[in-house]
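Chemist: Supplied structure: structure09.txt, compact mmCIF, C-alpha atoms.
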```txt
# COMPACT_ATOMS: atom_id res chain seq x y z
CA MET A 1 -19.59 31.27 11.95
CA GLU A 2 -16.15 31.99 13.35
CA LEU A 3 -13.33 29.52 12.91
CA ASN A 4 -13.34 28.32 16.50
CA LYS A 5 -17.07 27.63 16.21
CA PHE A 6 -16.43 25.43 13.17
CA GLU A 7 -13.76 23.60 15.11
CA ASP A 8 -16.15 23.08 18.01
CA VAL A 9 -18.72 21.54 15.69
CA PHE A 10 -16.06 19.25 14.21
CA GLU A 11 -14.70 18.20 17.60
CA GLY A 12 -18.26 17.72 18.85
CA LYS A 13 -18.99 15.31 16.03
CA LEU A 14 -15.91 13.25 16.81
CA ALA A 15 -16.78 13.22 20.51
CA LYS A 16 -20.29 11.98 19.75
CA ASN A 17 -18.99 9.33 17.33
CA GLU A 18 -20.82 11.04 14.49
CA MET A 19 -19.45 10.96 10.99
CA VAL A 20 -17.91 13.86 9.15
CA GLU A 21 -19.40 14.35 5.68
CA PRO A 22 -17.85 15.96 2.57
CA LYS A 23 -19.58 19.33 2.94
CA ASP A 24 -18.80 19.64 6.66
CA TRP A 25 -16.03 21.93 7.81
CA MET A 26 -12.89 20.00 8.71
CA PRO A 27 -9.35 21.02 9.69
CA ASP A 28 -6.92 21.13 6.75
CA ASN A 29 -4.68 18.53 8.34
CA TYR A 30 -7.58 16.13 8.78
CA ARG A 31 -8.40 16.54 5.09
CA LYS A 32 -4.76 16.05 4.10
CA HIS A 33 -4.39 13.00 6.31
CA LEU A 34 -7.51 11.43 4.78
CA ILE A 35 -6.47 12.16 1.20
CA ARG A 36 -3.11 10.54 1.87
CA GLN A 37 -4.56 7.51 3.66
CA ILE A 38 -7.54 6.86 1.35
CA SER A 39 -5.51 7.30 -1.83
CA GLN A 40 -2.74 5.00 -0.52
CA HIS A 41 -5.45 2.51 0.25
CA ALA A 42 -6.89 2.86 -3.26
CA HIS A 43 -3.45 2.50 -4.86
CA SER A 44 -2.87 -0.64 -2.78
CA GLU A 45 -6.04 -2.22 -4.16
CA ILE A 46 -5.05 -1.42 -7.74
CA VAL A 47 -1.39 -2.46 -7.41
CA GLY A 48 -2.60 -5.49 -5.44
CA MET A 49 -4.19 -6.79 -8.63
CA LEU A 50 -0.73 -7.31 -10.15
CA PRO A 51 0.82 -10.09 -8.01
CA GLU A 52 -2.41 -12.11 -8.29
CA GLY A 53 -2.99 -11.29 -11.94
CA ASN A 54 0.37 -12.97 -12.47
CA TRP A 55 -1.32 -16.35 -11.82
CA ILE A 56 -4.63 -16.00 -13.68
CA THR A 57 -3.31 -17.64 -16.84
CA ARG A 58 -1.55 -20.34 -14.83
CA ALA A 59 -4.23 -21.25 -12.27
CA PRO A 60 -4.25 -25.05 -11.81
CA SER A 61 -7.95 -25.54 -12.65
CA LEU A 62 -10.83 -23.74 -14.32
CA ARG A 63 -12.50 -23.36 -10.92
CA SER A 64 -9.48 -21.70 -9.36
CA LYS A 65 -9.13 -19.51 -12.44
CA VAL A 66 -12.67 -18.10 -12.36
CA VAL A 67 -12.35 -17.58 -8.60
CA LEU A 68 -9.08 -15.69 -8.99
CA LEU A 69 -10.52 -13.60 -11.82
CA ALA A 70 -13.47 -12.64 -9.63
CA LYS A 71 -11.16 -11.75 -6.77
CA VAL A 72 -8.90 -9.58 -8.91
CA GLN A 73 -11.95 -7.85 -10.38
CA ASP A 74 -13.15 -7.13 -6.83
CA GLU A 75 -9.79 -5.54 -5.98
CA GLY A 76 -10.20 -3.23 -8.98
CA GLY A 77 -13.68 -2.34 -7.74
CA HIS A 78 -12.35 -1.64 -4.25
CA GLY A 79 -9.78 0.72 -5.71
CA LEU A 80 -12.57 2.60 -7.50
CA TYR A 81 -14.75 2.90 -4.37
CA LEU A 82 -11.77 4.35 -2.54
CA TYR A 83 -10.73 6.77 -5.30
CA THR A 84 -14.24 8.22 -5.36
CA ALA A 85 -14.18 8.49 -1.55
CA ALA A 86 -10.89 10.42 -1.79
CA GLU A 87 -12.33 12.63 -4.55
CA THR A 88 -15.07 13.85 -2.17
CA LEU A 89 -12.22 15.64 -0.34
CA GLY A 90 -11.51 17.83 -3.35
CA VAL A 91 -8.71 15.98 -5.13
CA SER A 92 -9.07 14.80 -8.75
CA ARG A 93 -8.73 11.25 -10.01
CA ASP A 94 -6.07 12.35 -12.48
CA GLU A 95 -4.02 13.88 -9.69
CA LEU A 96 -4.26 10.72 -7.61
CA LEU A 97 -3.31 8.45 -10.50
CA ASN A 98 -0.49 10.75 -11.49
CA ASN A 99 0.91 10.58 -7.96
CA LEU A 100 0.87 6.79 -8.15
CA HIS A 101 2.40 6.59 -11.61
CA THR A 102 5.22 9.00 -10.84
CA GLY A 103 6.07 7.19 -7.61
CA LYS A 104 5.10 10.17 -5.49
CA ALA A 105 2.33 8.27 -3.69
CA LYS A 106 2.88 5.13 -1.65
CA TYR A 107 0.93 1.89 -1.57
CA SER A 108 1.09 -1.08 0.77
CA SER A 109 4.63 -2.48 0.97
CA ILE A 110 3.26 -6.03 0.70
CA PHE A 111 2.62 -5.78 -3.03
CA ASN A 112 6.29 -5.30 -3.74
CA TYR A 113 6.94 -8.96 -2.98
CA PRO A 114 6.76 -11.53 -5.79
CA THR A 115 4.23 -14.38 -6.11
CA LEU A 116 6.61 -17.20 -7.04
CA THR A 117 4.37 -20.27 -6.81
CA TRP A 118 0.65 -21.10 -6.74
CA ALA A 119 0.96 -21.47 -2.95
CA ASP A 120 1.71 -17.73 -2.84
CA ILE A 121 -1.79 -17.07 -4.17
CA GLY A 122 -3.10 -19.09 -1.23
CA ALA A 123 -0.88 -17.20 1.21
CA VAL A 124 -1.84 -13.81 -0.23
CA GLY A 125 -5.58 -14.51 0.06
CA TRP A 126 -5.27 -16.03 3.52
CA LEU A 127 -2.65 -13.80 5.16
CA VAL A 128 -2.58 -10.56 3.17
CA ASP A 129 -6.35 -10.31 2.77
CA GLY A 130 -6.73 -11.51 6.35
CA ALA A 131 -4.54 -8.66 7.57
CA ALA A 132 -6.29 -6.18 5.28
CA ILE A 133 -9.70 -7.27 6.61
CA MET A 134 -8.55 -6.73 10.19
CA ASN A 135 -7.63 -3.16 9.31
CA GLN A 136 -10.74 -2.62 7.20
CA VAL A 137 -13.20 -3.92 9.79
CA MET A 138 -11.86 -1.20 12.07
CA LEU A 139 -12.15 1.38 9.27
CA GLN A 140 -15.87 0.68 8.84
CA ARG A 141 -16.22 2.96 11.88
CA THR A 142 -13.74 5.58 10.71
CA SER A 143 -14.85 9.19 11.22
CA TYR A 144 -15.15 10.18 7.54
CA GLY A 145 -18.51 9.06 6.12
CA PRO A 146 -17.59 8.24 2.49
CA TYR A 147 -14.52 6.26 3.62
CA ALA A 148 -16.53 4.32 6.20
CA ARG A 149 -19.25 3.48 3.66
CA ALA A 150 -16.70 2.28 1.11
CA MET A 151 -15.23 0.06 3.82
CA VAL A 152 -18.57 -1.55 4.65
CA ARG A 153 -18.96 -2.52 1.03
CA ILE A 154 -15.38 -3.72 0.76
CA CYS A 155 -15.54 -5.83 3.93
CA LYS A 156 -18.64 -7.64 2.63
CA GLU A 157 -16.72 -8.61 -0.49
CA GLU A 158 -13.37 -9.39 1.14
CA SER A 159 -14.54 -12.32 3.23
CA PHE A 160 -14.61 -14.57 0.17
CA HIS A 161 -11.06 -13.52 -0.66
CA GLN A 162 -9.63 -14.80 2.58
CA ARG A 163 -11.61 -18.04 2.36
CA GLN A 164 -10.41 -18.79 -1.16
CA GLY A 165 -6.82 -18.27 -0.01
CA PHE A 166 -7.26 -20.58 2.95
CA GLU A 167 -8.86 -23.19 0.70
CA ILE A 168 -5.77 -23.17 -1.52
CA MET A 169 -3.59 -23.55 1.58
CA THR A 170 -5.62 -26.50 2.92
CA ARG A 171 -5.42 -28.31 -0.42
CA LEU A 172 -1.65 -27.94 -0.47
CA ALA A 173 -1.05 -28.55 3.24
CA PHE A 174 -3.07 -31.78 3.15
CA GLY A 175 -1.71 -32.82 -0.25
CA THR A 176 1.58 -34.50 -1.18
CA GLU A 177 4.84 -33.85 0.68
CA ASP A 178 5.92 -31.52 -2.13
CA GLN A 179 2.67 -29.58 -1.96
CA LYS A 180 2.96 -29.25 1.81
CA ALA A 181 6.53 -27.97 1.38
CA MET A 182 5.23 -25.38 -1.11
CA ALA A 183 2.65 -24.21 1.42
CA GLN A 184 5.30 -23.93 4.16
CA ASP A 185 7.64 -22.06 1.83
CA ALA A 186 4.91 -19.54 0.98
CA LEU A 187 4.10 -19.07 4.68
CA ASN A 188 7.81 -18.53 5.41
CA ARG A 189 8.08 -15.81 2.80
CA TRP A 190 4.76 -14.02 3.49
CA TRP A 191 4.62 -14.08 7.30
CA TYR A 192 6.84 -11.10 8.05
CA PRO A 193 5.81 -8.94 5.08
CA THR A 194 2.20 -9.47 6.22
CA MET A 195 3.10 -8.41 9.77
CA MET A 196 4.56 -5.22 8.28
CA MET A 197 1.20 -4.35 6.70
CA PHE A 198 -0.06 -2.91 9.99
CA GLY A 199 2.66 -0.28 9.85
CA PRO A 200 5.59 0.56 12.13
CA PRO A 201 5.41 0.01 15.92
CA ASP A 202 3.21 2.58 17.65
CA ALA A 203 6.20 4.35 19.19
CA GLU A 204 7.67 5.01 15.74
CA SER A 205 4.54 5.61 13.71
CA PRO A 206 4.48 9.25 12.60
CA ASN A 207 0.81 9.36 11.58
CA SER A 208 -0.75 7.28 14.33
CA GLU A 209 -1.33 9.96 16.90
CA ASN A 210 -3.46 12.16 14.66
CA ALA A 211 -5.24 9.16 13.18
CA MET A 212 -6.33 8.06 16.64
CA LYS A 213 -7.17 11.58 17.79
CA TRP A 214 -9.41 12.14 14.76
CA ARG A 215 -10.93 8.65 15.05
CA ILE A 216 -9.74 7.82 11.56
CA LYS A 217 -8.19 4.76 13.18
CA ARG A 218 -9.63 3.20 16.29
CA GLU A 219 -6.96 0.64 17.04
CA THR A 220 -3.21 1.14 16.89
CA ASN A 221 -0.78 -0.66 14.57
CA ASP A 222 0.50 -2.86 17.39
CA GLN A 223 -3.00 -3.73 18.62
CA LEU A 224 -4.04 -4.83 15.14
CA ARG A 225 -0.81 -6.80 14.65
CA GLN A 226 -1.38 -8.64 17.93
CA LYS A 227 -4.96 -9.41 16.94
CA PHE A 228 -3.77 -10.77 13.61
CA VAL A 229 -1.20 -13.08 15.23
CA ASN A 230 -3.75 -14.36 17.75
CA GLN A 231 -6.23 -15.10 14.99
CA THR A 232 -3.77 -16.66 12.54
CA VAL A 233 -1.65 -18.98 14.70
CA PRO A 234 -4.46 -21.52 15.31
CA GLN A 235 -5.08 -21.58 11.53
CA VAL A 236 -1.40 -22.31 10.92
CA GLU A 237 -1.61 -25.14 13.45
CA TYR A 238 -4.70 -26.53 11.74
CA LEU A 239 -2.75 -26.67 8.49
CA GLY A 240 0.09 -28.52 10.23
CA LEU A 241 2.52 -25.77 9.20
CA THR A 242 4.98 -23.75 11.30
CA VAL A 243 5.13 -20.00 11.81
CA PRO A 244 8.69 -18.94 10.89
CA ASP A 245 9.26 -17.38 14.30
CA ALA A 246 11.24 -19.24 16.99
CA ASN A 247 10.04 -16.74 19.60
CA LEU A 248 6.34 -17.30 18.99
CA LYS A 249 4.83 -18.35 22.31
CA TRP A 250 1.43 -18.10 24.02
CA ASN A 251 1.49 -15.55 26.82
CA GLU A 252 -1.26 -16.35 29.30
CA ALA A 253 -0.88 -13.04 31.10
CA LYS A 254 -1.80 -10.98 28.03
CA LYS A 255 -4.01 -13.68 26.52
CA GLY A 256 -2.08 -13.41 23.31
CA TYR A 257 1.04 -14.63 21.55
CA ASP A 258 4.46 -13.11 22.01
CA TYR A 259 6.09 -12.76 18.61
CA SER A 260 9.19 -11.38 16.88
CA GLU A 261 8.95 -7.99 15.22
CA PRO A 262 9.44 -7.96 11.47
CA ASN A 263 12.62 -6.43 10.09
CA TRP A 264 11.74 -2.73 10.12
CA VAL A 265 14.83 -1.78 8.12
CA GLU A 266 13.57 -3.98 5.30
CA PHE A 267 10.14 -2.33 5.65
CA LYS A 268 11.65 1.13 5.24
CA ASN A 269 13.60 -0.01 2.21
CA VAL A 270 10.56 -1.52 0.56
CA ILE A 271 8.33 1.51 1.07
CA SER A 272 11.06 3.81 -0.19
CA GLY A 273 11.12 1.99 -3.50
CA ASN A 274 13.76 -0.69 -3.04
CA GLY A 275 11.68 -3.82 -2.55
CA PRO A 276 11.97 -6.83 -4.85
CA CYS A 277 9.19 -5.72 -7.22
CA ASN A 278 8.71 -1.93 -6.80
CA LYS A 279 10.03 -1.05 -10.25
CA GLU A 280 8.13 -3.86 -11.93
CA ARG A 281 4.83 -2.86 -10.26
CA LEU A 282 5.18 0.80 -11.17
CA ALA A 283 6.16 -0.07 -14.74
CA ALA A 284 3.13 -2.38 -15.07
CA ARG A 285 0.77 0.35 -13.77
CA ASN A 286 2.21 2.95 -16.12
CA LYS A 287 2.02 0.59 -19.07
CA ALA A 288 -1.63 -0.26 -18.36
CA HIS A 289 -2.51 3.42 -17.96
CA ASP A 290 -0.67 4.51 -21.11
CA GLU A 291 -2.03 1.69 -23.22
CA GLY A 292 -5.55 2.53 -22.03
CA ALA A 293 -5.25 6.16 -23.15
CA TRP A 294 -6.92 5.50 -26.51
CA VAL A 295 -9.95 4.00 -24.74
CA ARG A 296 -10.44 7.12 -22.64
CA GLU A 297 -9.95 9.33 -25.69
CA ALA A 298 -12.37 7.29 -27.79
CA ALA A 299 -15.04 7.31 -25.06
CA GLN A 300 -14.66 11.05 -24.70
CA ALA A 301 -14.85 11.64 -28.47
CA PHE A 302 -17.89 9.36 -28.79
CA ALA A 303 -19.76 11.15 -26.01
CA LYS A 304 -18.95 14.53 -27.57
CA LYS A 305 -20.03 13.46 -31.04
CA ARG A 306 -23.31 12.05 -29.80
CA LYS A 307 -24.04 15.24 -27.92
CA GLU A 308 -23.54 17.20 -31.15
CA VAL A 309 -25.84 14.87 -33.05
CA TYR A 310 -28.57 15.33 -30.43
CA ALA A 311 -28.06 19.08 -30.46
CA ALA A 312 -28.39 19.22 -34.24
CA ALA A 313 -31.53 17.06 -34.33
CA MET B 1 -2.89 17.93 -15.99
CA SER B 2 -5.62 16.77 -18.35
CA ASP B 3 -8.87 15.69 -16.80
CA ASN B 4 -9.67 12.70 -18.94
CA GLN B 5 -11.61 10.56 -16.48
CA GLY B 6 -15.01 11.92 -17.46
CA PRO B 7 -17.53 13.60 -15.15
CA VAL B 8 -18.63 12.10 -11.83
CA TRP B 9 -22.02 10.36 -11.53
CA GLU B 10 -23.85 9.46 -8.34
CA ILE B 11 -25.27 5.95 -8.36
CA PHE B 12 -28.48 4.85 -6.66
CA LEU B 13 -29.55 1.21 -6.42
CA GLN B 14 -32.92 -0.36 -5.92
CA LYS B 15 -32.37 -3.62 -4.06
CA LYS B 16 -35.71 -5.21 -4.94
CA ALA B 17 -38.71 -4.12 -6.99
CA GLY B 18 -40.89 -1.77 -4.94
CA GLN B 19 -38.11 -0.61 -2.62
CA PRO B 20 -36.67 2.91 -2.61
CA PHE B 21 -33.48 3.79 -4.49
CA VAL B 22 -30.54 4.22 -2.14
CA HIS B 23 -27.27 6.01 -2.85
CA CYS B 24 -24.40 3.54 -3.04
CA GLY B 25 -21.47 5.58 -4.33
CA SER B 26 -20.14 7.37 -7.36
CA LEU B 27 -18.08 6.77 -10.48
CA HIS B 28 -16.66 8.41 -13.60
CA ALA B 29 -18.22 8.02 -17.04
CA PHE B 30 -18.41 10.02 -20.26
CA ASP B 31 -22.09 9.46 -21.03
CA LYS B 32 -25.32 7.94 -19.74
CA GLU B 33 -24.80 4.48 -21.19
CA MET B 34 -21.29 4.25 -19.86
CA ALA B 35 -22.47 5.43 -16.45
CA LEU B 36 -25.05 2.64 -16.32
CA GLN B 37 -22.65 -0.03 -17.52
CA ASN B 38 -19.93 1.07 -15.11
CA ALA B 39 -22.47 1.15 -12.28
CA ARG B 40 -23.54 -2.40 -13.11
CA ASP B 41 -19.94 -3.62 -13.12
CA LEU B 42 -18.91 -1.69 -10.05
CA TYR B 43 -21.91 -1.86 -7.74
CA THR B 44 -23.91 -4.98 -8.69
CA ARG B 45 -21.37 -7.80 -8.96
CA ARG B 46 -23.35 -9.83 -6.41
CA GLY B 47 -26.96 -9.09 -7.28
CA GLU B 48 -27.11 -5.99 -5.06
CA GLY B 49 -29.75 -4.35 -7.19
CA VAL B 50 -32.49 -4.80 -9.79
CA SER B 51 -32.49 -1.21 -10.99
CA ILE B 52 -29.97 1.62 -11.21
CA TRP B 53 -30.22 5.40 -11.31
CA ALA B 54 -27.16 7.29 -12.51
CA VAL B 55 -27.29 11.04 -11.86
CA PRO B 56 -24.62 13.58 -12.87
CA SER B 57 -23.11 14.77 -9.58
CA ASN B 58 -23.37 18.40 -10.59
CA ALA B 59 -27.14 18.02 -11.03
CA ILE B 60 -27.60 17.26 -7.34
CA VAL B 61 -28.65 20.11 -5.07
CA ALA B 62 -27.71 19.50 -1.45
CA SER B 63 -28.50 21.31 1.79
CA SER B 64 -25.54 22.73 3.69
CA PRO B 65 -24.42 21.23 6.98
CA GLU B 66 -24.39 24.74 8.53
CA ASP B 67 -28.11 24.98 7.78
CA ILE B 68 -28.96 22.09 10.05
CA GLY B 69 -30.52 24.37 12.67
CA PRO B 70 -32.47 27.07 10.82
CA PHE B 71 -33.26 25.02 7.70
CA PHE B 72 -35.02 22.18 9.49
CA GLU B 73 -36.20 24.19 12.47
CA PRO B 74 -39.79 24.84 11.21
CA SER B 75 -40.72 21.17 11.70
CA ASN B 76 -39.31 20.83 15.21
CA ASP B 77 -42.13 22.61 17.06
CA LYS B 78 -45.02 20.93 15.26
CA VAL B 79 -45.60 17.94 17.48
CA TYR B 80 -49.19 17.77 16.20
CA ARG B 81 -47.81 16.30 12.97
CA HIS B 82 -47.13 13.06 14.84
CA PRO B 83 -49.83 10.51 15.70
CA THR B 84 -48.66 10.31 19.32
CA PHE B 85 -49.94 13.89 19.81
CA TYR B 86 -53.55 12.66 19.81
CA GLN B 87 -55.49 10.76 22.46
CA ILE B 88 -57.75 7.95 21.33
CA PRO B 89 -60.25 6.50 23.82
CA ASP B 90 -59.25 3.07 25.16
CA ALA B 91 -62.57 1.68 23.98
CA ILE B 92 -61.57 2.37 20.38
CA GLY B 93 -58.37 0.35 20.61
CA HIS B 94 -55.99 0.57 17.69
CA MET B 95 -56.44 3.32 15.15
```
Can you dump the structure from the file as structure tokens?
Modeler:
Amino acid sequence: MELNKFEDVFEGKLAKNEMVEPKDWMPDNYRKHLIRQISQHAHSEIVGMLPEGNWITRAPSLRSKVVLLAKVQDEGGHGLYLYTAAETLGVSRDELLNNLHTGKAKYSSIFNYPTLTWADIGAVGWLVDGAAIMNQVMLQRTSYGPYARAMVRICKEESFHQRQGFEIMTRLAFGTEDQKAMAQDALNRWWYPTMMMFGPPDAESPNSENAMKWRIKRETNDQLRQKFVNQTVPQVEYLGLTVPDANLKWNEAKKGYDYSEPNWVEFKNVISGNGPCNKERLAARNKAHDEGAWVREAAQAFAKKRKEVYAAA
Amino acid sequence: MSDNQGPVWEIFLQKKAGQPFVHCGSLHAFDKEMALQNARDLYTRRGEGVSIWAVPSNAIVASSPEDIGPFFEPSNDKVYRHPTFYQIPDAIGHM
């Protein structure tokens, strides 16, 4: 087949809402875009384990501890689903991890903020996972088959994450005055960083146009952000807390809330490595990877030795 | 760069006894036991399966997307392979 024929088949699939599979022909830029997006997504899951892992040993009860352990384990699993999805595009796991560990690859800016109190674990589950789910529900229909299938699995598992976060928030918000203040403080600190998770405004988003054209994304950054605000504000009201945005107001005409944009200068700083915890996160990832080297070596040596024993027998 | 993640395995899960095994994803492991254990940890954290197949990815033979026409074509014109091709008298009812 000639190149333009391949392109016609590819475009035809997108037009018919069919999925592109690993062995199908795809434009180089589509492949590159996917590798970047899926690996960033995978890195975000893995780095996302760190701010929550921070509280496993200090969870206030055994129940909250086992729940948090299960959630952090899920995030690790999600990272692995996504790495294998990225690998179907012809990139190796080592390469992906190396890009993360050397700071070459990006991950979600949100994980460069610290989890200072137990209320932050509530806010992360409720807001950060809530925002992630909004994005991931859309990605279940993304045009690349392995990515879409990983998302279906991830979405099934994520719903408990958001609920556990909201449960923590309700306990604090309906608890003592001090506990309620903790919940409000966490909301104040996580609101805008969460809003940033959907990415820059559509007009300034360099990757959005292609992502929409190729049906990798089906809703724009601003559409998802609006959806998130509309969904979350009633939950904030239920908790008796206040969104830290004086401009937040219901707009009947658009059937949605008007809201203030997050500080996009801060966003740029954080994704370029200058957030509050970027160095700490990267150091923790590198340490875990380096200290796990002997496990990988031992597993490899064991498999090799056993193969030799079988061969000799 | 050293490739020290181990080979890739494709994982198939059987949801319940008697049902077919369905592909659920892949993972890295150095040997069979590790592949099974990793599959259990990664793909059955919520009772998603009662049985697992782990198959080395490089052992799988797959048809090519370009073949979709010619490769499957022989079955397209054989409508007589489907039950709807045949007429059964009304008096017989369901068959």
Chemist: If I take CA of Lys268 in chain A and CA of Leu127 in chain A, how far is one from the other in Å, to one decimal?
Modeler: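 Calculated distance between CA of Lys268 in chain A and CA of Leu127 in chain A is 20.7 Å.
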Chemist: Set out as JSON lines a contact list for chain A and chain B with a cut-off of 10 Å, giving each residue of chain A that qualifies its closest atom pair and distance in Å to one decimal, counting all atoms listed in the file, ordered by chain and rising residue number.
Modeler:
```
{"residue": "A:Met1", "atom": "CA", "partner": "B:Glu66", "partner_atom": "CA", "distance": 8.8}
{"residue": "A:Phe6", "atom": "CA", "partner": "B:Glu66", "partner_atom": "CA", "distance": 9.2}
{"residue": "A:Val9", "atom": "CA", "partner": "B:Glu66", "partner_atom": "CA", "distance": 9.7}
{"residue": "A:Glu21", "atom": "CA", "partner": "B:Pro65", "partner_atom": "CA", "distance": 8.6}
{"residue": "A:Pro22", "atom": "CA", "partner": "B:Pro65", "partner_atom": "CA", "distance": 9.5}
{"residue": "A:Lys23", "atom": "CA", "partner": "B:Pro65", "partner_atom": "CA", "distance": 6.6}
{"residue": "A:Asp24", "atom": "CA", "partner": "B:Pro65", "partner_atom": "CA", "distance": 5.8}
{"residue": "A:Trp25", "atom": "CA", "partner": "B:Pro65", "partner_atom": "CA", "distance": 8.5}
{"residue": "A:Ala70", "atom": "CA", "partner": "B:Arg45", "partner_atom": "CA", "distance": 9.3}
{"residue": "A:Gln73", "atom": "CA", "partner": "B:Leu42", "partner_atom": "CA", "distance": 9.3}
{"residue": "A:Asp74", "atom": "CA", "partner": "B:Arg45", "partner_atom": "CA", "distance": 8.5}
{"residue": "A:Gly76", "atom": "CA", "partner": "B:Leu42", "partner_atom": "CA", "distance": 8.9}
{"residue": "A:Gly77", "atom": "CA", "partner": "B:Leu42", "partner_atom": "CA", "distance": 5.8}
{"residue": "A:His78", "atom": "CA", "partner": "B:Leu42", "partner_atom": "CA", "distance": 8.8}
{"residue": "A:Leu80", "atom": "CA", "partner": "B:Leu27", "partner_atom": "CA", "distance": 7.5}
{"residue": "A:Tyr81", "atom": "CA", "partner": "B:Gly25", "partner_atom": "CA", "distance": 7.2}
{"residue": "A:Leu82", "atom": "CA", "partner": "B:Gly25", "partner_atom": "CA", "distance": 9.9}
{"residue": "A:Tyr83", "atom": "CA", "partner": "B:Leu27", "partner_atom": "CA", "distance": 9.0}
{"residue": "A:Thr84", "atom": "CA", "partner": "B:Ser26", "partner_atom": "CA", "distance": 6.3}
{"residue": "A:Ala85", "atom": "CA", "partner": "B:Gly25", "partner_atom": "CA", "distance": 8.3}
{"residue": "A:Glu87", "atom": "CA", "partner": "B:Val8", "partner_atom": "CA", "distance": 9.6}
{"residue": "A:Thr88", "atom": "CA", "partner": "B:Ser26", "partner_atom": "CA", "distance": 9.7}
{"residue": "A:Ser92", "atom": "CA", "partner": "B:Asp3", "partner_atom": "CA", "distance": 8.1}
{"residue": "A:Arg93", "atom": "CA", "partner": "B:Gln5", "partner_atom": "CA", "distance": 7.1}
{"residue": "A:Asp94", "atom": "CA", "partner": "B:Asp3", "partner_atom": "CA", "distance": 6.1}
{"residue": "A:Glu95", "atom": "CA", "partner": "B:Met1", "partner_atom": "CA", "distance": 7.6}
{"residue": "A:Asn98", "atom": "CA", "partner": "B:Met1", "partner_atom": "CA", "distance": 8.8}
{"residue": "A:Pro146", "atom": "CA", "partner": "B:Gly25", "partner_atom": "CA", "distance": 8.3}
{"residue": "A:Arg149", "atom": "CA", "partner": "B:Cys24", "partner_atom": "CA", "distance": 8.5}
{"residue": "A:Ala150", "atom": "CA", "partner": "B:Gly25", "partner_atom": "CA", "distance": 8.0}
{"residue": "A:Arg153", "atom": "CA", "partner": "B:Cys24", "partner_atom": "CA", "distance": 9.1}
{"residue": "A:Glu157", "atom": "CA", "partner": "B:Arg46", "partner_atom": "CA", "distance": 9.0}
{"residue": "A:Ala293", "atom": "CA", "partner": "B:Asn4", "partner_atom": "CA", "distance": 8.9}
{"residue": "A:Arg296", "atom": "CA", "partner": "B:Asn4", "partner_atom": "CA", "distance": 6.7}
{"residue": "A:Glu297", "atom": "CA", "partner": "B:Asn4", "partner_atom": "CA", "distance": 7.5}
{"residue": "A:Ala299", "atom": "CA", "partner": "B:Phe30", "partner_atom": "CA", "distance": 6.5}
{"residue": "A:Gln300", "atom": "CA", "partner": "B:Phe30", "partner_atom": "CA", "distance": 5.9}
{"residue": "A:Ala301", "atom": "CA", "partner": "B:Phe30", "partner_atom": "CA", "distance": 9.1}
{"residue": "A:Phe302", "atom": "CA", "partner": "B:Phe30", "partner_atom": "CA", "distance": 8.6}
{"residue": "A:Ala303", "atom": "CA", "partner": "B:Asp31", "partner_atom": "CA", "distance": 5.8}
{"residue": "A:Lys304", "atom": "CA", "partner": "B:Phe30", "partner_atom": "CA", "distance": 8.6}
{"residue": "A:Arg306", "atom": "CA", "partner": "B:Asp31", "partner_atom": "CA", "distance": 9.2}
{"residue": "A:Lys307", "atom": "CA", "partner": "B:Asp31", "partner_atom": "CA", "distance": 9.2}
```
Chemist: If we draw a sphere of 8 Å around (-31.3, -0.1, -3.6), which residues have at least one atom in it when counting all atoms listed in the file? Please report them as a list in words.
Modeler: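 It turns out the residues near that spot are Phe12, Leu13, Gln14, Lys15, Lys16, Gln19, Pro20, Phe21, Val22, His23, Cys24, Glu48, Gly49, Val50, Ser51 and Ile52 of chain B.
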Chemist: Which value, in Å to one decimal, gives the distance between CA of Leu239 in chain A and CA of Ala173 in chain A?
Modeler: 5.8 Å
Chemist: Which one of A:Met195, A:Ala131, A:Leu14, A:Ile38 sits closest to Met26 in chain A if you count all atoms listed in the file?
Modeler: A:Leu14
Chemist: Just the number, please: distance in Å from CA of Pro262 in chain A to CA of Glu204 in chain A, one decimal.
Modeler: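 It comes out at 13.8 Å.
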Chemist: Using the file's own x, y and z axes, so that the box edges lie along x, y and z, what centre and edge lengths in Å (one decimal) does a box around every listed atom of range 232-241 of chain A get when 4 Å is added on each side? Give it as lines of an AutoDock Vina configuration file.
Modeler:
```
center_x = -1.3
center_y = -22.6
center_z = 11.9
size_x = 15.6
size_y = 19.9
size_z = 14.8
```
Chemist: May I have the residues within 12 Å of Val236 in chain A as a VMD selection string, using all atoms listed in the file and disregarding those fewer than 5 positions away in the same chain?
Modeler: chain A and resid 123 126 to 127 166 169 to 170 173 183 to 184 187 to 188 191 229 to 231 241 to 244
Chemist: From the list A:Ala203, A:Met49, A:Leu34, A:Val66, which residue is nearest Ile110 in chain A when using only C-alpha atoms?
Modeler: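 Closest to Ile110 in chain A, using only C-alpha atoms: A:Met49.
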Chemist: Which residues are near range 278-285 of chain A? Cut-off 9 Å, all atoms listed in the file, ignore same chain within fewer than 2 positions. Put them as a VMD selection string.
Modeler: chain A and resid 46 to 47 50 to 51 100 to 103 109 111 to 113 270 to 271 273 to 276 287 to 290
Chemist: Go through B:Asp90, B:Ile11, B:Ala59, B:Ile68 and flag the residue nearest Thr44 in chain B, using only C-alpha atoms for the distances.
Modeler: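 Under the stated criterion, the closest residue is B:Ile11.
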Chemist: Let me make sure I understand: among A:Val152, A:Val91, A:Gln226, A:Lys217, which one has the smallest atom-to-atom distance to Leu248 in chain A if we use only C-alpha atoms?
Modeler: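 Between A:Val152, A:Val91, A:Gln226, A:Lys217, the residue approaching Leu248 in chain A most closely is A:Gln226.
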